[in-house]
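So this block is target.txt, compact mmCIF, C-alpha atoms and all ligand atoms:
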# COMPACT_ATOMS: atom_id res chain seq x y z
CA MET S 1 176.89 51.97 -84.83
CA THR S 2 179.31 51.03 -87.59
CA ALA S 3 182.19 53.24 -88.62
CA ARG S 4 180.37 54.05 -91.85
CA GLU S 5 177.20 55.12 -90.02
CA ALA S 6 179.15 57.16 -87.50
CA LEU S 7 181.00 58.92 -90.32
CA ARG S 8 177.81 59.70 -92.18
CA ALA S 9 176.18 61.20 -89.06
CA ALA S 10 179.29 63.22 -88.14
CA GLY S 11 179.74 64.45 -91.70
CA ALA S 12 176.17 65.74 -91.75
CA ARG S 13 176.60 67.38 -88.34
CA LEU S 14 179.82 69.14 -89.37
CA ALA S 15 178.33 70.25 -92.68
CA ASP S 16 175.41 71.78 -90.74
CA ALA S 17 177.92 73.65 -88.60
CA GLY S 18 179.40 75.15 -91.78
CA VAL S 19 182.66 73.18 -91.63
CA PRO S 20 184.37 73.13 -95.03
CA ASN S 21 185.29 69.55 -96.11
CA ALA S 22 182.99 68.10 -93.44
CA ALA S 23 183.22 64.47 -94.59
CA HIS S 24 186.99 64.63 -94.83
CA ASP S 25 187.32 66.08 -91.33
CA ALA S 26 184.90 63.49 -89.92
CA SER S 27 187.02 60.67 -91.30
CA LEU S 28 190.26 62.16 -89.94
CA LEU S 29 188.68 62.56 -86.49
CA LEU S 30 187.41 59.00 -86.44
CA ALA S 31 190.77 57.72 -87.67
CA HIS S 32 192.37 59.64 -84.79
CA VAL S 33 190.02 58.08 -82.22
CA LEU S 34 190.55 54.56 -83.58
CA HIS S 35 194.31 54.98 -84.18
CA GLU S 36 193.70 53.86 -87.73
CA ASP S 37 194.45 55.13 -91.17
CA ALA S 38 191.55 57.18 -92.62
CA LEU S 39 191.64 55.05 -95.77
CA MET S 40 191.37 51.81 -93.74
CA LEU S 41 188.19 53.15 -92.16
CA ARG S 42 186.59 53.37 -95.56
CA VAL S 43 187.74 49.88 -96.41
CA ARG S 44 186.47 48.51 -93.09
CA GLY S 45 183.30 50.58 -92.83
CA GLU S 46 181.33 47.72 -91.23
CA ARG S 47 183.58 47.75 -88.17
CA ALA S 48 181.38 48.38 -85.11
CA LEU S 49 182.32 51.19 -82.71
CA THR S 50 182.40 50.44 -78.99
CA ALA S 51 180.50 52.80 -76.69
CA GLN S 52 183.79 54.37 -75.59
CA GLU S 53 184.95 54.91 -79.15
CA GLN S 54 181.62 56.45 -80.07
CA ALA S 55 181.74 58.78 -77.04
CA ALA S 56 185.32 59.81 -77.79
CA PHE S 57 184.44 60.47 -81.43
CA ASP S 58 181.33 62.51 -80.49
CA ALA S 59 183.44 64.69 -78.19
CA LEU S 60 185.88 65.49 -81.02
CA VAL S 61 183.06 66.12 -83.48
CA ASP S 62 181.55 68.58 -80.95
CA ARG S 63 184.83 70.50 -80.89
CA ARG S 64 185.08 70.57 -84.66
CA ALA S 65 181.41 71.63 -84.94
CA ALA S 66 182.37 74.58 -82.70
CA ARG S 67 184.93 75.32 -85.47
CA GLU S 68 188.05 74.49 -83.49
CA PRO S 69 190.74 73.75 -86.11
CA LEU S 70 191.14 70.08 -86.96
CA GLN S 71 194.89 70.34 -86.34
CA TYR S 72 194.40 71.47 -82.72
CA ILE S 73 191.94 68.64 -82.11
CA VAL S 74 194.23 65.92 -83.43
CA GLY S 75 197.25 67.76 -81.98
CA GLU S 76 199.50 67.67 -85.01
CA THR S 77 199.98 68.66 -88.62
CA GLY S 78 202.38 67.97 -91.48
CA PHE S 79 204.94 70.43 -92.84
CA MET S 80 207.83 69.72 -95.24
CA GLY S 81 207.29 65.98 -94.85
CA LEU S 82 207.67 66.16 -91.04
CA THR S 83 205.01 65.99 -88.32
CA PHE S 84 204.62 68.91 -85.91
CA ALA S 85 202.75 69.06 -82.62
CA VAL S 86 200.34 72.01 -82.56
CA ARG S 87 198.04 73.26 -79.85
CA SER S 88 196.28 76.36 -78.68
CA GLY S 89 198.81 79.19 -78.43
CA VAL S 90 200.75 78.49 -81.64
CA LEU S 91 199.95 79.23 -85.24
CA ILE S 92 199.17 76.11 -87.27
CA PRO S 93 201.81 75.75 -90.02
CA ARG S 94 200.26 76.39 -93.46
CA PRO S 95 201.22 74.57 -96.66
CA ASP S 96 201.98 77.97 -98.29
CA THR S 97 204.85 78.48 -95.87
CA GLU S 98 206.68 75.59 -97.53
CA ILE S 99 207.45 78.05 -100.37
CA LEU S 100 209.54 80.10 -97.94
CA CYS S 101 211.19 76.98 -96.52
CA GLU S 102 212.12 75.66 -99.96
CA GLU S 103 213.65 78.99 -100.95
CA ALA S 104 215.65 79.00 -97.72
CA LEU S 105 216.92 75.46 -98.43
CA ARG S 106 218.01 76.46 -101.95
CA ARG S 107 220.19 79.19 -100.45
CA LEU S 108 221.82 77.19 -97.68
CA ALA S 109 225.15 75.41 -97.61
CA PRO S 110 226.80 73.54 -94.74
CA GLY S 111 228.25 75.78 -92.07
CA MET S 112 225.81 78.64 -92.58
CA ARG S 113 224.08 80.33 -89.67
CA VAL S 114 220.30 80.64 -89.95
CA LEU S 115 217.80 82.60 -87.84
CA ASP S 116 214.02 82.09 -87.75
CA ILE S 117 212.16 85.04 -86.20
CA GLY S 118 208.79 84.24 -84.63
CA THR S 119 209.23 80.50 -84.96
CA GLY S 120 205.84 79.54 -83.45
CA SER S 121 205.58 75.74 -83.64
CA GLY S 122 209.15 75.67 -84.97
CA ALA S 123 208.00 74.55 -88.42
CA LEU S 124 210.54 76.60 -90.39
CA ALA S 125 213.50 76.22 -88.03
CA VAL S 126 213.04 72.48 -87.49
CA SER S 127 212.47 71.79 -91.21
CA ILE S 128 215.57 73.79 -92.11
CA ALA S 129 217.66 72.01 -89.48
CA ARG S 130 216.47 68.63 -90.75
CA HIS S 131 216.73 69.35 -94.47
CA ALA S 132 219.90 71.48 -94.48
CA PRO S 133 222.37 69.41 -92.48
CA GLY S 134 225.44 71.19 -91.22
CA CYS S 135 223.67 74.53 -90.77
CA ASP S 136 223.55 76.21 -87.42
CA VAL S 137 219.90 77.11 -86.75
CA THR S 138 218.65 79.60 -84.16
CA ALA S 139 214.94 80.26 -83.61
CA VAL S 140 213.35 82.99 -81.53
CA ASP S 141 209.85 83.74 -80.35
CA VAL S 142 208.39 86.16 -77.85
CA SER S 143 205.92 83.52 -76.63
CA GLU S 144 206.96 80.93 -74.02
CA THR S 145 204.05 78.74 -75.12
CA ALA S 146 205.35 78.75 -78.68
CA LEU S 147 208.91 78.02 -77.57
CA ALA S 148 207.76 75.01 -75.53
CA VAL S 149 205.93 73.57 -78.56
CA ALA S 150 208.86 74.39 -80.87
CA ARG S 151 211.35 72.63 -78.55
CA GLU S 152 209.08 69.62 -78.45
CA ASN S 153 208.96 69.62 -82.26
CA ALA S 154 212.74 69.82 -82.59
CA GLN S 155 213.08 66.81 -80.33
CA ARG S 156 210.31 64.88 -82.03
CA ASN S 157 211.93 65.41 -85.43
CA GLY S 158 215.52 64.87 -84.31
CA ALA S 159 216.55 68.44 -85.19
CA THR S 160 219.18 70.50 -83.42
CA VAL S 161 217.94 74.06 -83.02
CA ARG S 162 218.99 76.70 -80.52
CA PHE S 163 215.87 78.41 -79.14
CA GLU S 164 215.84 81.81 -77.45
CA LYS S 165 213.02 83.87 -76.04
CA SER S 166 213.35 87.12 -77.91
CA ASP S 167 211.18 89.89 -79.29
CA CYS S 168 212.63 89.96 -82.82
CA PHE S 169 216.39 90.66 -82.47
CA GLN S 170 216.25 91.81 -78.82
CA ALA S 171 218.22 88.87 -77.32
CA LEU S 172 220.61 88.60 -80.28
CA SER S 173 222.73 91.70 -79.99
CA GLY S 174 226.04 91.39 -81.83
CA GLU S 175 225.03 88.14 -83.59
CA THR S 176 225.05 87.77 -87.35
CA PHE S 177 223.45 85.22 -89.67
CA ASP S 178 223.83 84.14 -93.29
CA LEU S 179 220.09 83.72 -93.70
CA ILE S 180 217.19 85.20 -91.75
CA VAL S 181 213.68 83.85 -92.35
CA SER S 182 210.43 85.02 -90.86
CA ASN S 183 206.73 84.37 -91.22
CA PRO S 184 205.69 87.24 -88.98
CA PRO S 185 202.15 88.24 -88.01
CA TYR S 186 200.89 90.10 -91.08
CA ILE S 187 197.10 90.29 -91.05
CA ASP S 188 195.82 93.88 -91.20
CA GLY S 189 193.12 95.39 -88.98
CA GLU S 190 190.34 94.99 -91.52
CA GLU S 191 191.12 91.32 -92.15
CA MET S 192 191.50 90.60 -88.42
CA ALA S 193 187.83 91.58 -88.09
CA GLN S 194 186.80 89.04 -90.74
CA LEU S 195 188.81 85.94 -89.89
CA MET S 196 187.38 82.47 -90.52
CA PRO S 197 185.97 80.95 -87.31
CA GLU S 198 188.87 78.48 -87.20
CA VAL S 199 191.53 81.20 -87.35
CA ARG S 200 189.96 82.90 -84.31
CA PHE S 201 191.21 79.94 -82.26
CA GLU S 202 194.79 80.84 -83.20
CA PRO S 203 196.83 83.38 -81.21
CA GLU S 204 196.30 86.99 -82.19
CA LEU S 205 199.97 87.49 -81.34
CA ALA S 206 200.87 85.28 -84.32
CA LEU S 207 198.39 86.86 -86.74
CA SER S 208 197.99 90.60 -86.22
CA GLY S 209 200.54 92.79 -87.96
CA GLY S 210 199.02 96.09 -86.80
CA GLY S 211 196.65 98.43 -88.64
CA ASP S 212 198.18 97.95 -92.09
CA GLY S 213 199.63 94.51 -91.30
CA LEU S 214 203.21 95.71 -91.92
CA ASP S 215 204.47 96.40 -88.38
CA PHE S 216 206.86 93.44 -88.23
CA TYR S 217 208.17 93.90 -91.77
CA ARG S 218 209.09 97.48 -90.87
CA ARG S 219 210.79 96.51 -87.67
CA ILE S 220 212.64 93.45 -88.95
CA SER S 221 213.75 95.14 -92.20
CA ARG S 222 215.13 98.08 -90.23
CA GLU S 223 217.00 95.91 -87.73
CA ALA S 224 218.10 92.98 -89.94
CA GLY S 225 221.01 94.73 -91.66
CA ALA S 226 223.04 94.70 -88.45
CA HIS S 227 222.44 90.95 -88.09
CA LEU S 228 223.16 89.81 -91.66
CA SER S 229 226.58 88.72 -92.82
CA GLU S 230 227.94 90.19 -96.06
CA GLY S 231 225.87 88.58 -98.85
CA GLY S 232 223.38 87.26 -96.29
CA ALA S 233 219.69 87.09 -97.22
CA LEU S 234 216.45 88.02 -95.51
CA LEU S 235 213.35 86.06 -96.59
CA PHE S 236 209.81 86.90 -95.51
CA GLU S 237 206.49 85.20 -95.97
CA ILE S 238 203.94 87.85 -96.93
CA GLY S 239 200.21 88.21 -97.37
CA TRP S 240 199.15 88.18 -101.02
CA LYS S 241 198.62 91.98 -101.17
CA GLN S 242 201.87 92.94 -99.45
CA LYS S 243 204.52 92.33 -102.11
CA ASP S 244 205.04 95.96 -103.14
CA ALA S 245 205.04 97.43 -99.63
CA VAL S 246 207.43 94.82 -98.22
CA SER S 247 209.67 94.99 -101.30
CA ALA S 248 209.99 98.74 -100.75
CA LEU S 249 211.08 98.16 -97.15
CA LEU S 250 213.67 95.61 -98.24
CA SER S 251 214.93 97.88 -100.95
CA ALA S 252 215.35 100.74 -98.45
CA HIS S 253 217.09 98.70 -95.75
CA ILE S 254 218.65 95.52 -97.21
CA GLY S 255 219.08 95.31 -100.98
CA ALA S 256 217.33 94.69 -104.31
CA PRO S 257 214.13 92.74 -103.58
CA PHE S 258 212.87 89.57 -105.28
CA ALA S 259 209.54 87.76 -104.88
CA MET S 260 207.97 84.31 -105.32
CA LYS S 261 204.43 83.09 -105.78
CA ASP S 262 202.73 80.19 -104.03
CA TYR S 263 201.00 77.28 -105.78
CA GLY S 264 197.78 79.31 -105.80
CA GLY S 265 199.50 81.98 -107.89
CA ASN S 266 199.62 84.58 -105.07
CA TRP S 267 202.75 86.47 -104.06
CA ARG S 268 203.93 84.65 -100.95
CA VAL S 269 207.63 85.29 -100.36
CA VAL S 270 209.79 88.38 -100.72
CA GLY S 271 213.46 88.60 -99.95
CA ALA S 272 216.67 90.52 -100.49
CA VAL S 273 220.38 89.94 -100.21
CA LYS S 274 222.30 92.43 -98.12
CA GLU S 275 224.23 94.83 -100.30
CA ARG S 276 227.45 96.46 -99.30
CA GLU S 277 226.13 100.02 -99.56
CA HIS S 278 223.31 99.17 -97.15
CA ALA S 279 225.66 97.92 -94.47
CA SER S 280 226.01 101.25 -92.70
CA GLN S 281 222.27 102.02 -92.65
CA ALA S 282 221.41 99.24 -90.21
N1 LIG S 301 198.80 82.77 -93.44
C1 LIG S 301 198.10 83.05 -92.21
C2 LIG S 301 196.63 83.27 -92.48
O1 LIG S 301 196.29 83.78 -93.51
C3 LIG S 301 198.67 84.26 -91.52
C4 LIG S 301 199.93 83.94 -90.89
C5 LIG S 301 200.66 85.16 -90.45
O2 LIG S 301 200.12 86.21 -90.09
N2 LIG S 301 201.91 85.03 -90.48
O3 LIG S 301 195.81 82.91 -91.68
What is this structure when it is put down as structure tokens?
Amino acid sequence: MTAREALRAAGARLADAGVPNAAHDASLLLAHVLHEDALMLRVRGERALTAQEQAAFDALVDRRAAREPLQYIVGETGFMGLTFAVRSGVLIPRPDTEILCEEALRRLAPGMRVLDIGTGSGALAVSIARHAPGCDVTAVDVSETALAVARENAQRNGATVRFEKSDCFQALSGETFDLIVSNPPYIDGEEMAQLMPEVRFEPELALSGGGDGLDFYRRISREAGAHLSEGGALLFEIGWKQKDAVSALLSAHIGAPFAMKDYGGNWRVVGAVKEREHASQA
């Protein structure tokens, strides 16, 4: 079979399985098998596949037809211009999270101490360490699996990050930071019951924020004051419906809240700078 024929067959198979962007995914999977650029495959569509290549491609198409996320199958994804290893057990970095990263970078200056809570694949911590040189980046996660992937990603991207196994601030007593970022689990109970098939492959630990989705915002907002330096900021990624609820938590525990939208026009980031009068509440 030629590459073009194989792509047509796989595209049809994935479309039948309900995969969004079936043709696109088929070409990325074949490019992965052939170690080629997806665009080159289109240019060289008459290239014949060997039996081994065809078998390897079919196996990946089977996984995608079962709705396993493309990023887990190819084992990596892009974030902030860097490439991150991803596999079962860590959340796949989403493009929307770059909004949070960019806001963090705008606020950083050399010498600042940064903390990423629930780092997962390390996307935020590693991107910050790479793009904000001279900052001292710490990243925590409660999952050993996530920490192993995050360490691998720091090494792969030449970033220096200190990783600690910690349930939120648990292992960080007495430490303070100039910026705390977090993309915590924030999906509520109702939405957890209706996840896309692909998202069901991702760890519930990284997705579920309790009944109303706000468990981690409550906990981190309450505890962050004690770990923020004077004038330090806390930045959260949020679900599109959570701006008001999370802003209220920040306003009660940290300082006057602000918010940013993503490129889709949804509220995606809320944050606050620690105010003096809040210092004693933490
Ligand atoms: N943005 C993710 C999703 O909608 C959720 C990530 C999270 O809970 N932090 O699938």
Test item: residues lying within 8 Å of ligand LIG 301 (chain S) with only C-alpha atoms and all ligand atoms, as a list in words = Leu91, Arg94, Asp96, Thr97, Asn183, Pro184, Pro185, Tyr186, Ile187, Leu195, Val199, Ala206, Leu207, Ser208, Gly209, Glu237, Ile238 and Gly239 of chain S
Across S:Thr77, S:Ser27, S:Gln170, S:Ser221, the smallest distance to Leu60 (chain S), with only C-alpha atoms counted, is shown by S:Ser27
Between CA of Pro203 (chain S) and CA of Val140 (chain S), what is the spacing in Å?
-> 16.5 Å
Which value, in Å to one decimal, gives the distance between CA of Val137 (chain S) and CA of Ala125 (chain S)?
-> 6.6 Å
Near Asp178 (chain S), within 8 Å and counting only C-alpha atoms, which residues show up once chain neighbours fewer than 3 positions away are dropped, as a compact mmCIF listing (two decimals) with C-alpha atoms, keeping the file's coordinate frame?
# COMPACT_ATOMS: atom_id res chain seq x y z
CA MET S 112 225.81 78.64 -92.58
CA ARG S 113 224.08 80.33 -89.67
CA VAL S 114 220.30 80.64 -89.95
CA LEU S 228 223.16 89.81 -91.66
CA SER S 229 226.58 88.72 -92.82
CA GLU S 230 227.94 90.19 -96.06
CA GLY S 231 225.87 88.58 -98.85
CA GLY S 232 223.38 87.26 -96.29
CA ALA S 233 219.69 87.09 -97.22
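Of the residues listed (S:Phe169, S:Trp267, S:Phe57, S:Phe79), S:Phe169 shows the shortest atom-to-atom separation from His227 (chain S); distances use only C-alpha atoms.
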Kindly indicate which residue among S:Val61, S:Val161, S:Ala51, S:Glu46 lies nearest to His32 (chain S), using all atoms listed in the file for the distances.
-> S:Val61
Within 12 Å of Pro20 (chain S) using only C-alpha atoms, minus same-chain residues under 3 positions, as a PyMOL selection string | chain S and resi 11-17+23-26+64-65+67+69-70+196-198
Selected residues, C-alpha atoms, written as a CSV table (one decimal), keeping the file's coordinate frame, please.
chain,number,residue,atom,x,y,z
S,11,GLY,CA,179.7,64.4,-91.7
S,12,ALA,CA,176.2,65.7,-91.8
S,13,ARG,CA,176.6,67.4,-88.3
S,14,LEU,CA,179.8,69.1,-89.4
S,15,ALA,CA,178.3,70.2,-92.7
S,16,ASP,CA,175.4,71.8,-90.7
S,17,ALA,CA,177.9,73.6,-88.6
S,23,ALA,CA,183.2,64.5,-94.6
S,24,HIS,CA,187.0,64.6,-94.8
S,25,ASP,CA,187.3,66.1,-91.3
S,26,ALA,CA,184.9,63.5,-89.9
S,64,ARG,CA,185.1,70.6,-84.7
S,65,ALA,CA,181.4,71.6,-84.9
S,67,ARG,CA,184.9,75.3,-85.5
S,69,PRO,CA,190.7,73.8,-86.1
S,70,LEU,CA,191.1,70.1,-87.0
S,196,MET,CA,187.4,82.5,-90.5
S,197,PRO,CA,186.0,81.0,-87.3
S,198,GLU,CA,188.9,78.5,-87.2
Can you list, as number ranges by chain, every protein, DNA or RNA residue that comes within 9 Å of Leu124 (chain S) when you count all atoms listed in the file, leaving out same-chain residues fewer than 5 positions away?
-> S: 79-80, 93, 97-98, 100-101, 116, 119, 129, 139, 181-183
Shortest interatomic distance to Gly120 (chain S) - which of S:Arg87, S:Arg106, S:His35, S:Lys274, counting all atoms listed in the file | S:Arg87
Counting all atoms listed in the file, write as a ChimeraX atom specification all protein and nucleic acid residues lying at most 12 Å from (189.1, 59.2, -85.0) in the file's frame.
-> /S:3,6-7,10,24-41,49,52-61,70,73-74
Mind writing the picked residues with C-alpha atoms as a PDB file, in the frame of the given file?
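Saved as selection.pdb:
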ATOM      1  CA  ALA S   3     182.190  53.240 -88.620  1.00  0.00           C
ATOM      2  CA  ALA S   6     179.150  57.160 -87.500  1.00  0.00           C
ATOM      3  CA  LEU S   7     181.000  58.920 -90.320  1.00  0.00           C
ATOM      4  CA  ALA S  10     179.290  63.220 -88.140  1.00  0.00           C
ATOM      5  CA  HIS S  24     186.990  64.630 -94.830  1.00  0.00           C
ATOM      6  CA  ASP S  25     187.320  66.080 -91.330  1.00  0.00           C
ATOM      7  CA  ALA S  26     184.900  63.490 -89.920  1.00  0.00           C
ATOM      8  CA  SER S  27     187.020  60.670 -91.300  1.00  0.00           C
ATOM      9  CA  LEU S  28     190.260  62.160 -89.940  1.00  0.00           C
ATOM     10  CA  LEU S  29     188.680  62.560 -86.490  1.00  0.00           C
ATOM     11  CA  LEU S  30     187.410  59.000 -86.440  1.00  0.00           C
ATOM     12  CA  ALA S  31     190.770  57.720 -87.670  1.00  0.00           C
ATOM     13  CA  HIS S  32     192.370  59.640 -84.790  1.00  0.00           C
ATOM     14  CA  VAL S  33     190.020  58.080 -82.220  1.00  0.00           C
ATOM     15  CA  LEU S  34     190.550  54.560 -83.580  1.00  0.00           C
ATOM     16  CA  HIS S  35     194.310  54.980 -84.180  1.00  0.00           C
ATOM     17  CA  GLU S  36     193.700  53.860 -87.730  1.00  0.00           C
ATOM     18  CA  ASP S  37     194.450  55.130 -91.170  1.00  0.00           C
ATOM     19  CA  ALA S  38     191.550  57.180 -92.620  1.00  0.00           C
ATOM     20  CA  LEU S  39     191.640  55.050 -95.770  1.00  0.00           C
ATOM     21  CA  MET S  40     191.370  51.810 -93.740  1.00  0.00           C
ATOM     22  CA  LEU S  41     188.190  53.150 -92.160  1.00  0.00           C
ATOM     23  CA  LEU S  49     182.320  51.190 -82.710  1.00  0.00           C
ATOM     24  CA  GLN S  52     183.790  54.370 -75.590  1.00  0.00           C
ATOM     25  CA  GLU S  53     184.950  54.910 -79.150  1.00  0.00           C
ATOM     26  CA  GLN S  54     181.620  56.450 -80.070  1.00  0.00           C
ATOM     27  CA  ALA S  55     181.740  58.780 -77.040  1.00  0.00           C
ATOM     28  CA  ALA S  56     185.320  59.810 -77.790  1.00  0.00           C
ATOM     29  CA  PHE S  57     184.440  60.470 -81.430  1.00  0.00           C
ATOM     30  CA  ASP S  58     181.330  62.510 -80.490  1.00  0.00           C
ATOM     31  CA  ALA S  59     183.440  64.690 -78.190  1.00  0.00           C
ATOM     32  CA  LEU S  60     185.880  65.490 -81.020  1.00  0.00           C
ATOM     33  CA  VAL S  61     183.060  66.120 -83.480  1.00  0.00           C
ATOM     34  CA  LEU S  70     191.140  70.080 -86.960  1.00  0.00           C
ATOM     35  CA  ILE S  73     191.940  68.640 -82.110  1.00  0.00           C
ATOM     36  CA  VAL S  74     194.230  65.920 -83.430  1.00  0.00           C
TER      37      VAL S  74
END
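Proximity to region 253-261 of chain S at 6 Å, evaluated using all atoms listed in the file and with sequence-adjacent residues fewer than 5 positions away removed, yields Arg222, Ser247, Asn266, Trp267, Arg268, Val269, Val270, Gly271, Ala272, Val273, Lys274, Glu275 and His278 of chain S.
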Using only the atoms of region 36-43 of chain S listed in the file, plus 3 Å on each side, state the axis-aligned box centre and edge lengths in Å rounded to one decimal, as lines of an AutoDock Vina configuration file.
center_x = 190.5
center_y = 53.5
center_z = -92.1
size_x = 13.9
size_y = 13.3
size_z = 14.7
Pick the closest to Arg162 (chain S) from S:Ala66, S:Thr138, S:Gly211, S:Glu103: which is it, counting all atoms listed in the file?
-> S:Thr138
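Pairwise distance (CA of Ile92 (chain S), CA of Ala9 (chain S)) equals 27.5 Å.
Ranking S:Arg200, S:Asp141, S:Leu115, S:Phe163 by their shortest atom-to-atom distance to Leu234 (chain S), with only C-alpha atoms included, puts S:Leu115 first.
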Fewer than 2 positions away in the same chain doesn't count, so skip those; otherwise give me all residues within 7 Å of Ala159 (chain S), counting all atoms listed in the file, as an mmCIF file with C-alpha atoms, in the frame of the given file.
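Output contents, as saved in around_17.cif:
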data_model
loop_
_atom_site.group_PDB
_atom_site.id
_atom_site.type_symbol
_atom_site.label_atom_id
_atom_site.label_comp_id
_atom_site.auth_asym_id
_atom_site.auth_seq_id
_atom_site.Cartn_x
_atom_site.Cartn_y
_atom_site.Cartn_z
ATOM 1 C CA VAL S 126 213.040 72.480 -87.490
ATOM 2 C CA ALA S 129 217.660 72.010 -89.480
ATOM 3 C CA ARG S 130 216.470 68.630 -90.750
ATOM 4 C CA ALA S 154 212.740 69.820 -82.590
ATOM 5 C CA GLN S 155 213.080 66.810 -80.330
ATOM 6 C CA ASN S 157 211.930 65.410 -85.430
ATOM 7 C CA VAL S 161 217.940 74.060 -83.020
#
Complete region 151-157 of chain S with all heavy atoms (output as a PDB file, in the frame of the given file).
ATOM      1  N   ARG S 151     210.317  73.535 -79.094  1.00  0.00           N
ATOM      2  CA  ARG S 151     211.350  72.630 -78.550  1.00  0.00           C
ATOM      3  C   ARG S 151     210.906  71.183 -78.664  1.00  0.00           C
ATOM      4  O   ARG S 151     211.688  70.306 -79.014  1.00  0.00           O
ATOM      5  CB  ARG S 151     211.617  72.961 -77.070  1.00  0.00           C
ATOM      6  CG  ARG S 151     212.460  74.192 -76.884  1.00  0.00           C
ATOM      7  CD  ARG S 151     213.042  74.260 -75.453  1.00  0.00           C
ATOM      8  NE  ARG S 151     213.881  75.437 -75.349  1.00  0.00           N
ATOM      9  CZ  ARG S 151     213.460  76.604 -74.885  1.00  0.00           C
ATOM     10  NH1 ARG S 151     212.227  76.734 -74.429  1.00  0.00           N
ATOM     11  NH2 ARG S 151     214.271  77.641 -74.856  1.00  0.00           N
ATOM     12  N   GLU S 152     209.641  70.968 -78.352  1.00  0.00           N
ATOM     13  CA  GLU S 152     209.080  69.620 -78.450  1.00  0.00           C
ATOM     14  C   GLU S 152     209.175  69.120 -79.908  1.00  0.00           C
ATOM     15  O   GLU S 152     209.518  67.967 -80.160  1.00  0.00           O
ATOM     16  CB  GLU S 152     207.612  69.723 -78.008  1.00  0.00           C
ATOM     17  CG  GLU S 152     206.841  68.454 -77.921  1.00  0.00           C
ATOM     18  CD  GLU S 152     205.399  68.765 -77.439  1.00  0.00           C
ATOM     19  OE1 GLU S 152     205.210  69.634 -76.528  1.00  0.00           O
ATOM     20  OE2 GLU S 152     204.464  68.155 -77.976  1.00  0.00           O
ATOM     21  N   ASN S 153     208.919  70.013 -80.850  1.00  0.00           N
ATOM     22  CA  ASN S 153     208.960  69.620 -82.260  1.00  0.00           C
ATOM     23  C   ASN S 153     210.380  69.351 -82.757  1.00  0.00           C
ATOM     24  O   ASN S 153     210.593  68.479 -83.605  1.00  0.00           O
ATOM     25  CB  ASN S 153     208.262  70.667 -83.125  1.00  0.00           C
ATOM     26  CG  ASN S 153     206.756  70.505 -83.056  1.00  0.00           C
ATOM     27  OD1 ASN S 153     206.257  69.375 -83.023  1.00  0.00           O
ATOM     28  ND2 ASN S 153     206.035  71.619 -83.018  1.00  0.00           N
ATOM     29  N   ALA S 154     211.347  70.084 -82.217  1.00  0.00           N
ATOM     30  CA  ALA S 154     212.740  69.820 -82.590  1.00  0.00           C
ATOM     31  C   ALA S 154     213.123  68.421 -82.117  1.00  0.00           C
ATOM     32  O   ALA S 154     213.704  67.628 -82.867  1.00  0.00           O
ATOM     33  CB  ALA S 154     213.656  70.876 -81.979  1.00  0.00           C
ATOM     34  N   GLN S 155     212.745  68.123 -80.888  1.00  0.00           N
ATOM     35  CA  GLN S 155     213.080  66.810 -80.330  1.00  0.00           C
ATOM     36  C   GLN S 155     212.384  65.691 -81.087  1.00  0.00           C
ATOM     37  O   GLN S 155     213.011  64.711 -81.487  1.00  0.00           O
ATOM     38  CB  GLN S 155     212.649  66.795 -78.865  1.00  0.00           C
ATOM     39  CG  GLN S 155     213.224  65.635 -78.109  1.00  0.00           C
ATOM     40  CD  GLN S 155     213.098  65.869 -76.613  1.00  0.00           C
ATOM     41  OE1 GLN S 155     212.159  66.540 -76.152  1.00  0.00           O
ATOM     42  NE2 GLN S 155     214.028  65.351 -75.845  1.00  0.00           N
ATOM     43  N   ARG S 156     211.111  65.887 -81.324  1.00  0.00           N
ATOM     44  CA  ARG S 156     210.310  64.880 -82.030  1.00  0.00           C
ATOM     45  C   ARG S 156     210.872  64.563 -83.417  1.00  0.00           C
ATOM     46  O   ARG S 156     210.789  63.446 -83.899  1.00  0.00           O
ATOM     47  CB  ARG S 156     208.897  65.445 -82.129  1.00  0.00           C
ATOM     48  CG  ARG S 156     207.940  64.675 -82.968  1.00  0.00           C
ATOM     49  CD  ARG S 156     206.574  65.341 -82.872  1.00  0.00           C
ATOM     50  NE  ARG S 156     205.601  64.515 -83.549  1.00  0.00           N
ATOM     51  CZ  ARG S 156     204.295  64.575 -83.326  1.00  0.00           C
ATOM     52  NH1 ARG S 156     203.807  65.418 -82.452  1.00  0.00           N
ATOM     53  NH2 ARG S 156     203.474  63.798 -83.980  1.00  0.00           N
ATOM     54  N   ASN S 157     211.427  65.592 -84.065  1.00  0.00           N
ATOM     55  CA  ASN S 157     211.930  65.410 -85.430  1.00  0.00           C
ATOM     56  C   ASN S 157     213.453  65.251 -85.491  1.00  0.00           C
ATOM     57  O   ASN S 157     214.038  65.287 -86.572  1.00  0.00           O
ATOM     58  CB  ASN S 157     211.485  66.584 -86.305  1.00  0.00           C
ATOM     59  CG  ASN S 157     209.992  66.518 -86.612  1.00  0.00           C
ATOM     60  OD1 ASN S 157     209.545  65.600 -87.290  1.00  0.00           O
ATOM     61  ND2 ASN S 157     209.219  67.460 -86.084  1.00  0.00           N
TER      62      ASN S 157
END
